[in-house]
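Below is protein00.txt, which holds compact mmCIF, C-alpha atoms.
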```txt
# COMPACT_ATOMS: atom_id res chain seq x y z
CA MET A 1 -37.50 -18.74 -23.01
CA ILE A 2 -36.72 -22.45 -22.78
CA LEU A 3 -33.00 -22.09 -22.08
CA PRO A 4 -33.13 -19.49 -19.24
CA ALA A 5 -35.92 -21.44 -17.50
CA THR A 6 -33.84 -24.61 -17.70
CA GLN A 7 -30.81 -22.81 -16.27
CA VAL A 8 -32.85 -21.48 -13.35
CA VAL A 9 -34.12 -25.02 -12.69
CA VAL A 10 -30.54 -26.36 -12.83
CA VAL A 11 -29.47 -23.97 -10.04
CA VAL A 12 -32.61 -24.64 -7.98
CA VAL A 13 -32.39 -28.44 -8.23
CA PHE A 14 -28.68 -28.40 -7.40
CA LEU A 15 -29.31 -26.23 -4.32
CA ILE A 16 -32.19 -28.48 -3.19
CA GLY A 17 -29.88 -31.48 -3.41
CA LEU A 18 -27.12 -29.62 -1.56
CA TYR A 19 -29.58 -28.63 1.18
CA GLY A 20 -30.53 -32.30 1.53
CA VAL A 21 -26.90 -33.39 1.74
CA LEU A 22 -26.20 -30.78 4.43
CA THR A 23 -29.28 -31.36 6.58
CA CYS A 24 -30.18 -35.07 6.28
CA ARG A 25 -28.84 -37.32 9.00
CA LYS A 26 -29.39 -40.76 7.53
CA LEU A 27 -26.82 -42.05 5.06
CA ILE A 28 -29.42 -43.34 2.58
CA ARG A 29 -31.16 -39.96 2.51
CA ILE A 30 -27.77 -38.36 1.81
CA CYS A 31 -27.40 -40.75 -1.15
CA ILE A 32 -30.87 -39.71 -2.38
CA SER A 33 -29.94 -36.02 -2.12
CA LEU A 34 -26.71 -36.73 -4.00
CA SER A 35 -28.80 -38.28 -6.79
CA VAL A 36 -30.88 -35.10 -6.98
CA MET A 37 -27.67 -33.03 -7.24
CA GLU A 38 -26.39 -35.30 -10.01
CA SER A 39 -29.64 -34.86 -11.93
CA GLY A 40 -29.20 -31.09 -11.75
CA LEU A 41 -25.67 -31.43 -13.11
CA ILE A 42 -26.74 -33.67 -15.99
CA LEU A 43 -29.57 -31.25 -16.80
CA PHE A 44 -26.92 -28.52 -17.03
CA LEU A 45 -24.79 -30.62 -19.41
CA VAL A 46 -27.79 -31.27 -21.66
CA SER A 47 -28.86 -27.63 -21.63
CA LEU A 48 -25.35 -26.62 -22.80
CA GLY A 49 -25.98 -28.11 -26.23
CA PHE A 50 -29.56 -26.96 -26.68
CA VAL A 51 -30.37 -24.76 -29.66
CA GLU A 52 -33.77 -23.18 -30.09
CA GLY A 53 -35.66 -24.77 -32.98
CA ALA A 54 -33.17 -27.57 -33.59
CA THR A 55 -34.01 -31.28 -33.64
CA ALA A 56 -32.47 -34.31 -31.97
CA PRO A 57 -29.10 -35.34 -33.49
CA ILE A 58 -30.42 -38.24 -35.58
CA PHE A 59 -29.55 -37.46 -39.20
CA ASP A 60 -32.63 -37.05 -41.32
CA PRO A 61 -32.84 -35.27 -44.69
CA ARG A 62 -35.99 -33.46 -43.56
CA HIS A 63 -34.10 -31.47 -40.89
CA ALA A 64 -31.18 -29.11 -41.24
CA VAL A 65 -30.30 -27.90 -37.73
CA TYR A 66 -29.42 -30.35 -34.94
CA VAL A 67 -28.58 -29.80 -31.28
CA ASP A 68 -24.99 -30.31 -30.13
CA PRO A 69 -24.32 -34.06 -29.67
CA VAL A 70 -21.11 -33.71 -27.60
CA PRO A 71 -22.65 -32.69 -24.23
CA GLN A 72 -25.25 -35.41 -24.73
CA ALA A 73 -22.54 -38.04 -25.12
CA LEU A 74 -20.86 -36.82 -21.93
CA ALA A 75 -24.20 -36.77 -20.08
CA LEU A 76 -24.84 -40.36 -21.16
CA THR A 77 -21.50 -41.44 -19.69
CA ALA A 78 -22.16 -39.43 -16.53
CA ILE A 79 -25.54 -41.12 -15.93
CA VAL A 80 -24.09 -44.63 -16.10
CA ILE A 81 -21.16 -43.68 -13.86
CA ALA A 82 -23.62 -42.11 -11.38
CA ALA A 83 -25.40 -45.47 -11.11
CA GLY A 84 -22.13 -47.24 -10.28
CA VAL A 85 -21.07 -44.61 -7.75
CA ASN A 86 -24.52 -44.72 -6.14
CA ALA A 87 -24.21 -48.48 -5.75
CA ILE A 88 -20.90 -48.10 -3.90
CA ALA A 89 -22.29 -45.37 -1.63
CA LEU A 90 -25.34 -47.47 -0.76
CA MET A 91 -23.15 -50.50 -0.09
CA LEU A 92 -21.10 -48.40 2.36
CA ALA A 93 -24.35 -47.29 4.06
CA VAL A 94 -25.41 -50.93 4.39
CA LEU A 95 -22.01 -51.80 5.90
CA ALA A 96 -22.36 -48.91 8.39
CA TYR A 97 -25.77 -50.31 9.37
CA ARG A 98 -24.32 -53.77 9.90
CA HIS A 99 -21.50 -52.40 12.03
CA TYR A 100 -23.33 -49.80 14.14
CA GLY A 101 -26.96 -50.91 13.85
CA THR A 102 -27.97 -47.50 12.51
CA THR A 103 -27.28 -45.20 9.56
CA ASP A 104 -27.80 -41.96 11.53
CA ILE A 105 -24.53 -40.06 11.23
CA ARG A 106 -24.86 -38.35 14.64
CA GLU A 107 -25.47 -41.72 16.31
CA ILE A 108 -22.47 -43.20 14.50
CA TRP A 109 -20.38 -40.18 15.54
CA ARG A 110 -21.42 -40.64 19.18
CA ARG A 111 -20.58 -44.33 19.18
CA ARG A 112 -17.18 -43.72 17.68
CA ALA A 113 -16.34 -41.15 20.34
CA MET B 1 -45.59 -18.22 -25.71
CA THR B 2 -46.48 -21.34 -27.60
CA THR B 3 -48.24 -24.32 -26.06
CA THR B 4 -45.00 -26.32 -26.16
CA GLU B 5 -43.27 -23.71 -24.02
CA ILE B 6 -46.12 -23.63 -21.52
CA ALA B 7 -46.08 -27.41 -21.25
CA TYR B 8 -42.29 -27.34 -20.82
CA LEU B 9 -42.52 -24.75 -18.03
CA ALA B 10 -45.20 -26.83 -16.31
CA VAL B 11 -42.94 -29.91 -16.40
CA LEU B 12 -40.05 -27.83 -14.98
CA LEU B 13 -42.26 -26.56 -12.15
CA LEU B 14 -43.37 -30.11 -11.37
CA LEU B 15 -39.70 -31.17 -11.41
CA VAL B 16 -38.79 -28.61 -8.75
CA VAL B 17 -41.80 -29.56 -6.61
CA VAL B 18 -40.92 -33.26 -6.79
CA ALA B 19 -37.26 -32.48 -5.96
CA VAL B 20 -38.34 -30.58 -2.81
CA ALA B 21 -40.65 -33.47 -1.88
CA THR B 22 -37.84 -36.00 -2.41
CA VAL B 23 -35.49 -34.22 -0.05
CA LEU B 24 -38.07 -33.32 2.63
CA MET B 25 -40.10 -36.57 2.59
CA ARG B 26 -40.41 -38.01 6.07
CA SER B 27 -40.08 -41.72 5.32
CA VAL B 28 -37.12 -43.10 3.42
CA PHE B 29 -39.34 -45.46 1.42
CA ALA B 30 -41.48 -42.56 0.17
CA ALA B 31 -38.33 -40.60 -0.65
CA VAL B 32 -37.04 -43.43 -2.86
CA ILE B 33 -40.34 -43.64 -4.78
CA SER B 34 -40.32 -39.86 -5.11
CA LEU B 35 -36.77 -40.02 -6.48
CA SER B 36 -38.01 -42.47 -9.11
CA LEU B 37 -40.74 -40.01 -10.10
CA PHE B 38 -38.12 -37.24 -10.18
CA SER B 39 -36.03 -39.30 -12.63
CA VAL B 40 -39.01 -39.86 -14.92
CA LEU B 41 -39.70 -36.11 -14.97
CA THR B 42 -36.02 -35.44 -15.71
CA ALA B 43 -36.28 -37.87 -18.62
CA VAL B 44 -39.29 -35.92 -19.94
CA VAL B 45 -37.28 -32.69 -19.71
CA PHE B 46 -34.38 -34.31 -21.60
CA ALA B 47 -36.74 -35.49 -24.33
CA LEU B 48 -38.15 -31.98 -24.65
CA LEU B 49 -34.59 -30.60 -24.86
CA GLN B 50 -34.06 -32.91 -27.89
CA ALA B 51 -31.66 -35.22 -26.04
CA VAL B 52 -33.38 -38.52 -26.80
CA ASP B 53 -30.45 -40.81 -25.97
CA VAL B 54 -29.98 -39.18 -22.58
CA ALA B 55 -33.73 -39.35 -21.94
CA LEU B 56 -33.78 -43.09 -22.64
CA ALA B 57 -30.79 -43.70 -20.37
CA GLU B 58 -32.22 -41.57 -17.55
CA ALA B 59 -35.61 -43.32 -17.75
CA VAL B 60 -34.05 -46.78 -17.64
CA ILE B 61 -31.37 -46.06 -15.02
CA GLY B 62 -33.08 -43.50 -12.78
CA ALA B 63 -36.52 -45.04 -12.66
CA GLY B 64 -35.54 -48.69 -12.98
CA LEU B 65 -32.08 -49.58 -11.79
CA SER B 66 -31.39 -46.92 -9.14
CA THR B 67 -34.76 -47.56 -7.52
CA ALA B 68 -33.91 -51.25 -7.25
CA PHE B 69 -30.54 -50.42 -5.65
CA PHE B 70 -32.11 -47.97 -3.18
CA MET B 71 -34.93 -50.41 -2.36
CA SER B 72 -32.46 -53.16 -1.64
CA ALA B 73 -30.46 -50.88 0.67
CA VAL B 74 -33.62 -49.60 2.43
CA ALA B 75 -34.82 -53.18 2.92
CA THR B 76 -31.50 -54.13 4.51
CA THR B 77 -31.24 -51.13 6.82
CA ARG B 78 -35.01 -51.15 7.63
CA GLY B 79 -35.19 -47.36 7.56
CA LYS B 80 -33.01 -46.90 10.64
CA MET C 1 -32.09 -30.05 14.06
CA GLY C 2 -32.82 -26.85 15.94
CA GLU C 3 -29.28 -25.70 16.49
CA ARG C 4 -28.97 -22.10 15.38
CA PRO C 5 -25.25 -21.98 14.42
CA GLY C 6 -25.62 -25.05 12.18
CA GLN C 7 -28.54 -23.53 10.33
CA VAL C 8 -26.69 -20.27 9.87
CA ILE C 9 -23.69 -22.11 8.43
CA ILE C 10 -25.97 -24.09 6.09
CA ALA C 11 -27.66 -20.89 4.93
CA ILE C 12 -24.30 -19.24 4.26
CA VAL C 13 -23.05 -22.27 2.29
CA LEU C 14 -26.24 -22.43 0.22
CA LEU C 15 -26.09 -18.69 -0.49
CA PHE C 16 -22.43 -18.85 -1.51
CA VAL C 17 -22.90 -21.89 -3.77
CA GLY C 18 -26.09 -20.41 -5.22
CA VAL C 19 -24.46 -17.10 -6.16
CA THR C 20 -21.46 -18.92 -7.64
CA LEU C 21 -23.71 -21.23 -9.65
CA ILE C 22 -25.86 -18.39 -10.97
CA GLN C 23 -22.75 -16.51 -12.07
CA ALA C 24 -21.29 -19.63 -13.68
CA VAL C 25 -24.49 -20.80 -15.41
CA PHE C 26 -25.72 -17.45 -16.69
CA GLY C 27 -22.29 -16.00 -17.35
CA MET C 28 -21.51 -18.59 -20.01
CA ASP C 29 -21.48 -17.23 -23.53
CA LEU C 30 -22.78 -20.22 -25.41
CA ASP C 31 -22.99 -20.82 -29.11
CA PRO C 32 -22.86 -24.61 -29.49
CA LEU C 33 -23.07 -24.63 -33.28
CA ARG C 34 -20.53 -21.93 -34.15
CA SER C 35 -18.78 -22.81 -37.36
CA ASP C 36 -15.26 -23.30 -35.93
CA GLY C 37 -16.55 -25.39 -33.02
CA ILE C 38 -16.22 -29.11 -32.66
CA ALA C 39 -19.98 -29.76 -32.80
CA ALA C 40 -20.23 -28.25 -36.27
CA TYR C 41 -17.45 -30.55 -37.48
CA TYR C 42 -19.09 -33.60 -35.96
CA LEU C 43 -22.52 -32.75 -37.36
CA ASP C 44 -21.13 -32.06 -40.83
CA ASN C 45 -18.85 -35.09 -41.12
CA ALA C 46 -20.25 -37.80 -38.84
CA MET C 47 -22.43 -39.29 -41.55
CA SER C 48 -19.60 -39.60 -44.10
CA ASP C 49 -16.89 -40.54 -41.56
CA THR C 50 -18.72 -43.25 -39.64
CA ALA C 51 -21.94 -44.03 -41.56
CA ALA C 52 -23.79 -43.87 -38.23
CA VAL C 53 -27.15 -42.11 -38.44
CA ASN C 54 -27.27 -41.40 -34.70
CA ALA C 55 -24.80 -38.55 -34.13
CA VAL C 56 -24.54 -39.24 -30.39
CA ALA C 57 -23.46 -42.82 -31.10
CA ALA C 58 -20.94 -41.56 -33.66
CA VAL C 59 -19.45 -39.07 -31.18
CA LEU C 60 -19.49 -41.51 -28.28
CA LEU C 61 -18.17 -44.64 -29.99
CA ASP C 62 -16.03 -43.32 -32.78
CA TYR C 63 -14.65 -39.81 -32.25
CA ARG C 64 -14.52 -40.00 -28.46
CA ALA C 65 -14.42 -43.76 -27.94
CA PHE C 66 -12.06 -43.38 -24.98
CA ASP C 67 -14.99 -42.00 -22.94
CA PRO C 68 -17.00 -45.25 -22.91
CA PHE C 69 -13.73 -47.09 -22.37
CA GLY C 70 -13.14 -45.16 -19.15
CA GLU C 71 -16.80 -45.52 -18.26
CA ALA C 72 -16.58 -49.30 -18.69
CA THR C 73 -13.55 -49.24 -16.39
CA VAL C 74 -15.55 -47.33 -13.76
CA ILE C 75 -18.38 -49.90 -13.92
CA PHE C 76 -15.80 -52.69 -13.61
CA GLY C 77 -14.26 -50.92 -10.61
CA SER C 78 -17.60 -50.43 -8.90
CA VAL C 79 -18.46 -54.14 -9.39
CA VAL C 80 -15.10 -55.03 -7.84
CA VAL C 81 -15.61 -52.66 -4.87
CA VAL C 82 -19.20 -53.78 -4.22
CA SER C 83 -18.25 -57.47 -4.40
CA MET C 84 -15.32 -56.79 -2.06
CA LEU C 85 -17.56 -54.98 0.47
CA ALA C 86 -20.30 -57.64 0.32
CA THR C 87 -18.19 -60.39 1.82
CA GLY C 88 -20.04 -63.50 2.92
CA GLY C 89 -23.76 -63.27 3.42
CA THR C 90 -26.54 -65.12 1.69
CA LEU C 91 -29.16 -63.97 -0.74
CA ARG C 92 -32.25 -62.79 1.07
CA SER C 93 -34.24 -65.84 2.12
CA SER C 94 -37.47 -63.84 2.04
CA GLY C 95 -37.05 -63.68 -1.70
CA TYR C 96 -39.28 -66.67 -2.42
CA GLY C 97 -40.93 -64.76 -5.20
CA MET C 98 -44.54 -64.03 -5.89
CA SER C 99 -47.51 -66.29 -6.52
CA ILE C 100 -47.61 -68.95 -9.24
CA LEU C 101 -49.82 -66.70 -11.37
CA VAL C 102 -47.14 -63.99 -11.47
CA GLY C 103 -44.44 -66.58 -12.09
CA ARG C 104 -46.22 -68.17 -15.04
CA SER C 105 -47.11 -64.86 -16.67
CA ILE C 106 -43.59 -63.47 -16.23
CA GLY C 107 -42.22 -66.69 -17.72
CA PHE C 108 -44.54 -66.24 -20.70
CA LEU C 109 -43.68 -62.54 -21.16
CA THR C 110 -39.89 -62.75 -20.68
CA PRO C 111 -39.10 -63.43 -24.38
CA PHE C 112 -41.04 -60.28 -25.30
CA PHE C 113 -39.20 -58.29 -22.64
CA TRP C 114 -35.94 -59.27 -24.34
CA LEU C 115 -37.12 -57.63 -27.57
CA PHE C 116 -36.67 -54.05 -26.34
CA PRO C 117 -33.03 -54.26 -25.17
CA ILE C 118 -31.97 -56.29 -28.20
CA TYR C 119 -33.66 -53.84 -30.56
CA VAL C 120 -32.10 -50.87 -28.77
CA ILE C 121 -28.60 -52.39 -28.81
CA LEU C 122 -28.65 -53.60 -32.43
CA ASN C 123 -30.08 -50.31 -33.73
CA GLY C 124 -27.86 -48.14 -31.55
CA HIS C 125 -26.19 -46.53 -34.56
CA LEU C 126 -29.48 -45.92 -36.37
CA SER C 127 -31.91 -44.71 -33.71
CA PRO C 128 -31.89 -43.38 -30.14
CA GLY C 129 -30.40 -45.88 -27.77
CA GLY C 130 -27.29 -47.99 -27.77
CA GLY C 131 -25.21 -50.21 -25.58
CA PHE C 132 -25.73 -48.33 -22.32
CA GLN C 133 -29.52 -48.15 -22.50
CA GLY C 134 -29.94 -51.69 -23.78
CA GLY C 135 -27.51 -53.13 -21.24
CA VAL C 136 -29.24 -51.40 -18.36
CA SER C 137 -32.59 -52.66 -19.70
CA ILE C 138 -31.26 -56.22 -19.61
CA SER C 139 -30.10 -55.81 -16.01
CA VAL C 140 -33.51 -54.36 -15.09
CA LEU C 141 -35.01 -57.47 -16.71
CA VAL C 142 -32.83 -59.60 -14.42
CA ILE C 143 -34.10 -57.57 -11.45
CA VAL C 144 -37.72 -58.14 -12.56
CA LEU C 145 -37.03 -61.87 -12.74
CA SER C 146 -35.54 -61.89 -9.25
CA VAL C 147 -38.53 -59.96 -7.90
CA ALA C 148 -40.93 -62.44 -9.50
CA PHE C 149 -39.09 -65.68 -8.76
CA GLY C 150 -36.99 -64.72 -5.73
CA SER C 151 -33.39 -63.57 -5.87
CA GLU C 152 -32.04 -66.95 -4.72
CA TYR C 153 -33.62 -68.83 -7.65
CA THR C 154 -32.55 -66.23 -10.23
CA ALA C 155 -29.01 -66.02 -8.87
CA ASN C 156 -28.73 -69.81 -9.05
CA ARG C 157 -29.87 -69.84 -12.66
CA LEU C 158 -27.57 -66.93 -13.61
CA SER C 159 -24.61 -67.58 -11.35
CA LEU C 160 -22.41 -64.69 -10.25
CA GLU C 161 -19.39 -66.46 -11.75
CA ARG C 162 -21.12 -66.54 -15.13
CA LEU C 163 -21.99 -62.83 -14.90
CA GLY C 164 -18.41 -62.01 -13.95
CA PHE C 165 -17.14 -64.06 -16.88
CA ALA C 166 -19.51 -62.24 -19.25
CA GLU C 167 -18.31 -58.88 -17.96
CA SER C 168 -14.62 -59.72 -18.22
CA ALA C 169 -15.11 -61.18 -21.70
CA ALA C 170 -16.89 -58.00 -22.81
CA ALA C 171 -14.07 -55.85 -21.37
CA LEU C 172 -11.53 -57.94 -23.29
CA GLY C 173 -13.70 -57.64 -26.40
CA PHE C 174 -13.64 -53.84 -26.06
CA ILE C 175 -9.83 -53.85 -25.93
CA LEU C 176 -9.59 -56.27 -28.88
CA VAL C 177 -11.88 -54.09 -31.00
CA GLY C 178 -9.64 -51.14 -30.11
CA LEU C 179 -6.51 -53.11 -31.03
CA VAL C 180 -7.87 -53.71 -34.54
CA GLY C 181 -7.15 -50.05 -35.19
CA VAL C 182 -3.59 -50.36 -33.86
CA LEU C 183 -2.92 -53.48 -35.96
CA GLN C 184 -4.11 -51.65 -39.07
CA GLY C 185 -1.58 -48.90 -38.46
CA ALA C 186 -3.99 -46.27 -37.11
CA THR C 187 -4.76 -45.29 -33.52
CA PHE C 188 -6.45 -47.22 -30.70
CA LEU C 189 -10.22 -47.52 -31.36
CA ALA C 190 -9.92 -46.06 -34.86
CA ASN C 191 -12.86 -46.81 -37.13
CA ALA C 192 -12.84 -45.82 -40.79
CA ALA C 193 -9.28 -44.48 -40.49
CA ALA C 194 -8.14 -48.05 -39.80
CA GLY C 195 -9.83 -49.40 -42.91
CA VAL C 196 -12.80 -50.93 -41.11
CA PRO C 197 -15.63 -51.22 -43.67
CA VAL C 198 -18.35 -48.78 -42.60
CA GLY C 199 -21.00 -49.61 -45.19
CA HIS C 200 -23.88 -47.36 -46.14
CA PRO C 201 -25.72 -45.13 -43.66
CA GLY C 202 -29.08 -46.50 -42.58
CA GLU C 203 -28.33 -50.19 -42.99
CA LEU C 204 -28.37 -52.53 -40.01
CA ILE C 205 -24.83 -53.81 -40.64
CA SER C 206 -22.93 -50.57 -41.05
CA ALA C 207 -20.89 -48.01 -39.10
CA GLY C 208 -17.96 -50.37 -38.51
CA ILE C 209 -16.86 -50.57 -34.87
CA VAL C 210 -19.77 -48.42 -33.64
CA ALA C 211 -22.19 -51.33 -34.00
CA VAL C 212 -19.71 -53.84 -32.55
CA LEU C 213 -18.91 -51.61 -29.56
CA ASN C 214 -22.64 -51.18 -28.88
CA ILE C 215 -23.02 -54.96 -28.50
CA VAL C 216 -19.87 -55.24 -26.36
CA ILE C 217 -20.90 -52.36 -24.07
CA GLY C 218 -24.40 -53.82 -23.80
CA CYS C 219 -23.02 -57.16 -22.55
CA LYS C 220 -20.63 -55.43 -20.16
CA VAL C 221 -23.13 -53.02 -18.61
CA ALA C 222 -25.83 -55.70 -18.30
CA ALA C 223 -23.54 -58.21 -16.58
CA GLY C 224 -21.91 -55.60 -14.34
CA LEU C 225 -25.07 -53.95 -13.06
CA ALA C 226 -26.92 -57.25 -12.61
CA SER C 227 -24.07 -58.62 -10.49
CA ILE C 228 -24.01 -55.37 -8.45
CA PHE C 229 -27.71 -55.93 -7.75
CA PHE C 230 -27.13 -59.52 -6.61
CA TYR C 231 -24.25 -58.46 -4.35
CA MET C 232 -26.40 -55.69 -2.86
CA SER C 233 -29.34 -57.98 -2.13
CA LYS C 234 -27.19 -60.31 -0.03
CA GLU C 235 -27.76 -60.00 3.68
CA GLY C 236 -26.11 -60.98 6.92
CA GLY C 237 -22.53 -60.68 5.77
CA GLU C 238 -19.73 -60.07 8.23
CA VAL C 239 -18.12 -56.66 8.67
CA ARG C 240 -14.39 -56.44 8.55
```
Let me see whether you can do it: turn the structure in this file into structure tokens.
Amino acid sequence: MILPATQVVVVVVFLIGLYGVLTCRKLIRICISLSVMESGLILFLVSLGFVEGATAPIFDPRHAVYVDPVPQALALTAIVIAAGVNAIALMLAVLAYRHYGTTDIREIWRRRA
Amino acid sequence: MTTTEIAYLAVLLLLVVVAVATVLMRSVFAAVISLSLFSVLTAVVFALLQAVDVALAEAVIGAGLSTAFFMSAVATTRGK
Amino acid sequence: MGERPGQVIIAIVLLFVGVTLIQAVFGMDLDPLRSDGIAAYYLDNAMSDTAAVNAVAAVLLDYRAFDPFGEATVIFGSVVVVSMLATGGTLRSSGYGMSILVGRSIGFLTPFFWLFPIYVILNGHLSPGGGFQGGVSISVLVIVLSVAFGSEYTANRLSLERLGFAESAAALGFILVGLVGVLQGATFLANAAAGVPVGHPGELISAGIVAVLNIVIGCKVAAGLASIFFYMSKEGGEVR
């Protein structure tokens, strides 16, 4: 029950983020939608290692079955990298604002033409 | 269905609702705050999926650091 | 919006990606703990190989220590790119900080705020947490200070040069810890295989390079992300 529901939510959250990336016109809103997509992806990575009835991978003699630690390690790396990539994207949006006075991509497109 | 599963499904539903709100929110400021809430809910989901390290990282980065980055960018561009 | 062809294209893209994702996500035949898989090996041997109680820390900083190495490189690269893009400019002059009441209470509480990141970093091999989480907590602490006292004041106290030095020193420390393994005749970033004493599981000083790498990564992530924040809160720079 838990795993299929999580997988449905992974697909839904990813599609919501993709919809935002495709329809939003301001660069900062596109960055926000990208963050939502990234969260869906990380949720997928974490759900890969989930086992029903298992506990968190901290060794403890009281428990016998643990969830898979490898996808969690990759998800941890992915989260920190997402923060760095987000910072670069936002910095580029700020530079676009300084150059064009707006972050609306249609406005920027018109001024470039 | 146990109570844990019902609570988990409720958190997932709330997650989807907050994601829709984040993308469709009219003002950029509200969208950033909503994204912070979305990250906190994701952290709750990670904790329920027994990924405690990832939950801690998502709570600290998504709700703390990313919000500060987005706020600083929104303050510079003044929502234009 | 309102243009019909654009909306049709968006609908088609969403439908295509959605169907592909559903096939990919639900079509996966998953058994994470199957006995010939890598997770079973890690879960069976992590305790005796690395003496780290936290299996995620053991996987991340011992078995797959190249992952955080690449991750540290990405953080370094993003600091370089952000500092390159944020040429000129001054820290926001509106950042005078909050009232004296907030300033005094934050000044009183700051030592207690340090407790959480230091605990998380030092116990990274024993409990949930580690270098990433603790380092990001420290940089959030720096952001709290610059909200309370104004970014100009905080950036003067913690100069960008000092943060850059801390980050570069931590990156060098990471490489030096990795070279210990090479000097001992094993591979880069080897832990127990290189004869590093790992101690007993559950003790604070144990797990060999896992504990050391947690501290190094904590310094690196904290300095890198705090300097990204200071570069981003500059305003009025020129555009090249």
Counting all atoms listed in the file, find the residues whose atoms lie at most 6 Å from (-21.7, -55.3, -2.3) (file coordinates) and write them out as a VMD selection string.
(chain A and resid 91) or (chain C and resid 82 to 83 85 to 86 231 to 232)
Applying 7 Å and only C-alpha atoms, which residues near range 99-106 of chain A remain after dropping the ones on its own chain fewer than 2 positions away? List them as an NGL selection string.
(:A and (25-27 or 93 or 95-97 or 108-110)) or (:B and (80)) or (:C and (239))
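Between CA of Phe149 in chain C and CA of Ser233 in chain C there is a distance of 14.1 Å.
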Env of Phe69 in chain C: 10 Å cut, atoms = only C-alpha atoms, seq-sep filter 4 positions within chain, self excluded. Answer as a ChimeraX atom specification.
/A:77 /C:60-61,64-65,73-74,171,174-175,178,189,213,217
Which residue, A:Val70, A:Leu22, A:Val11, A:Ile28, has the smallest gap to Ala87 in chain A when you use only C-alpha atoms?
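Result for the nearest residue to Ala87 in chain A: A:Ile28.
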For Gly62 in chain B, work out the shell of residues within 9 Å, counting only C-alpha atoms and skipping chain neighbours fewer than 2 positions away, then give it as a ChimeraX atom specification.
/A:79,83 /B:35-40,43,57-60,64-67
Can you list every residue of chain A that has an atom at most 6 Å from chain C, with its nearest atom pair and the distance in Å to one decimal, using only C-alpha atoms, ordered by chain then number, as JSON lines?
```
{"residue": "A:Gly49", "atom": "CA", "partner": "C:Pro32", "partner_atom": "CA", "distance": 5.7}
{"residue": "A:Pro57", "atom": "CA", "partner": "C:Ala55", "partner_atom": "CA", "distance": 5.4}
{"residue": "A:Ile58", "atom": "CA", "partner": "C:Asn54", "partner_atom": "CA", "distance": 4.5}
{"residue": "A:Phe59", "atom": "CA", "partner": "C:Val53", "partner_atom": "CA", "distance": 5.3}
{"residue": "A:Asp68", "atom": "CA", "partner": "C:Ala39", "partner_atom": "CA", "distance": 5.7}
{"residue": "A:Pro69", "atom": "CA", "partner": "C:Val56", "partner_atom": "CA", "distance": 5.2}
{"residue": "A:Ala73", "atom": "CA", "partner": "C:Leu60", "partner_atom": "CA", "distance": 5.6}
{"residue": "A:Gly84", "atom": "CA", "partner": "C:Ser78", "partner_atom": "CA", "distance": 5.7}
{"residue": "A:Ile88", "atom": "CA", "partner": "C:Val82", "partner_atom": "CA", "distance": 5.9}
```
So which one's closest to chain B, C:Glu161, C:Gly135, C:Tyr153, C:Ile209? Using only C-alpha atoms, please.
C:Gly135
Any idea what's packed within 12 Å of Ser33 in chain A, counting all atoms listed in the file, ignoring anything in its chain fewer than 3 positions away? Could you give it as a VMD selection string?
(chain A and resid 13 to 30 36 to 40 86) or (chain B and resid 19 to 25 28 31 to 32 34 to 35 38)
Same residues, C-alpha atoms, output as a compact mmCIF listing (two decimals), in the coordinates of the input:
```txt
# COMPACT_ATOMS: atom_id res chain seq x y z
CA VAL A 13 -32.39 -28.44 -8.23
CA PHE A 14 -28.68 -28.40 -7.40
CA LEU A 15 -29.31 -26.23 -4.32
CA ILE A 16 -32.19 -28.48 -3.19
CA GLY A 17 -29.88 -31.48 -3.41
CA LEU A 18 -27.12 -29.62 -1.56
CA TYR A 19 -29.58 -28.63 1.18
CA GLY A 20 -30.53 -32.30 1.53
CA VAL A 21 -26.90 -33.39 1.74
CA LEU A 22 -26.20 -30.78 4.43
CA THR A 23 -29.28 -31.36 6.58
CA CYS A 24 -30.18 -35.07 6.28
CA ARG A 25 -28.84 -37.32 9.00
CA LYS A 26 -29.39 -40.76 7.53
CA LEU A 27 -26.82 -42.05 5.06
CA ILE A 28 -29.42 -43.34 2.58
CA ARG A 29 -31.16 -39.96 2.51
CA ILE A 30 -27.77 -38.36 1.81
CA VAL A 36 -30.88 -35.10 -6.98
CA MET A 37 -27.67 -33.03 -7.24
CA GLU A 38 -26.39 -35.30 -10.01
CA SER A 39 -29.64 -34.86 -11.93
CA GLY A 40 -29.20 -31.09 -11.75
CA ASN A 86 -24.52 -44.72 -6.14
CA ALA B 19 -37.26 -32.48 -5.96
CA VAL B 20 -38.34 -30.58 -2.81
CA ALA B 21 -40.65 -33.47 -1.88
CA THR B 22 -37.84 -36.00 -2.41
CA VAL B 23 -35.49 -34.22 -0.05
CA LEU B 24 -38.07 -33.32 2.63
CA MET B 25 -40.10 -36.57 2.59
CA VAL B 28 -37.12 -43.10 3.42
CA ALA B 31 -38.33 -40.60 -0.65
CA VAL B 32 -37.04 -43.43 -2.86
CA SER B 34 -40.32 -39.86 -5.11
CA LEU B 35 -36.77 -40.02 -6.48
CA PHE B 38 -38.12 -37.24 -10.18
```
From A:Leu90, A:Leu34, A:Leu41, A:Ile81, residue lying nearest chain B [all atoms listed in the file]:
A:Leu90
